[in-house]
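*Asks:* I'd like to ask you about the structure that follows.
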Amino acid sequence: MKDFLRALSGRLLELFGREYRLFYGRAWQGAKGACFFVAPPKVKREVLPGGRIRREYTLTLRFYPAKREELMLQQEVGEKLLPGLLELTGEKRSYRGRELNYQPGEEYLTASGVYEFYTTAEQEREDSVVAAGDLMLEFDLNKMM
């Protein structure tokens, strides 16, 4: 999961530069300016013959404009996200998105998609050994570069 979230934060940095902050897990009340919020992805796991494992991450990403009524900004961000989130490249693997969509709203834009990849039980064990606190709850795009 850590590799996927880092790939996502890197792609958002490529797409939008340092213009918006990215929060994971919870949006901080009182955050100034426009920002992205990533809900913890929904995870599916299926064991296949031969020891392969198919995993799916369902991503929900929200974009909060600085002013609630900025529907045109939401539309611009959504149009940039769809092709931009098609493929994410992490350190361990690439993640190909499908069912990518976005929906502008009164308060925020919601973008979502599904990322599927294959792994083995051994690779899963290696990926799940993450020290507590190793995954930052806030990806500050100003600190990414």
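Labeling convention for the structure tokens: chains A, B, ... as they appear, residues from 1 per chain, ligands from 1 in order of appearance.
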Please return as a VMD selection string: the residues of segment 27-137 of chain A that backbone DSSP assigns to alpha helix (DSSP H).
*Replies:* chain A and resid 71 to 84 121 to 128
*Asks:* Skipping near chain neighbours, those fewer than 4 positions away, what residues fall within 12 Å of segment 110-114 of chain A using only C-alpha atoms, listed as a ChimeraX atom specification?
*Replies:* /A:4,8,36-39,41-44,55-65,74-75,77-88,95-106
*Asks:* Work out how far atom CA of Glu116 of chain A is from atom CA of Arg18 of chain A, in Å to one decimal.
*Replies:*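 Distance between the two atoms: 28.1 Å.
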*Asks:* Show which residues sit within 10 Å of Gly33 of chain A, as a PyMOL selection string. Count only C-alpha atoms, and ignore same-chain residues fewer than 4 positions away.
*Replies:* chain A and resi 19-21+64-67
*Asks:* Choose the residue, out of A:Arg125, A:Arg68, A:Arg54, A:Lys2, that has the smallest atom-to-atom separation from Ala34 of chain A; count only C-alpha atoms.
*Replies:*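 Looking at the shortest contact to Ala34 of chain A, the residue is A:Arg68.
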*Asks:* Let's see if you can do this: from backbone DSSP, list all strand (DSSP E) residues in segment 7-77 of chain A, as number ranges by chain.
*Replies:* A: 21-24, 35-38, 42-47, 52-64
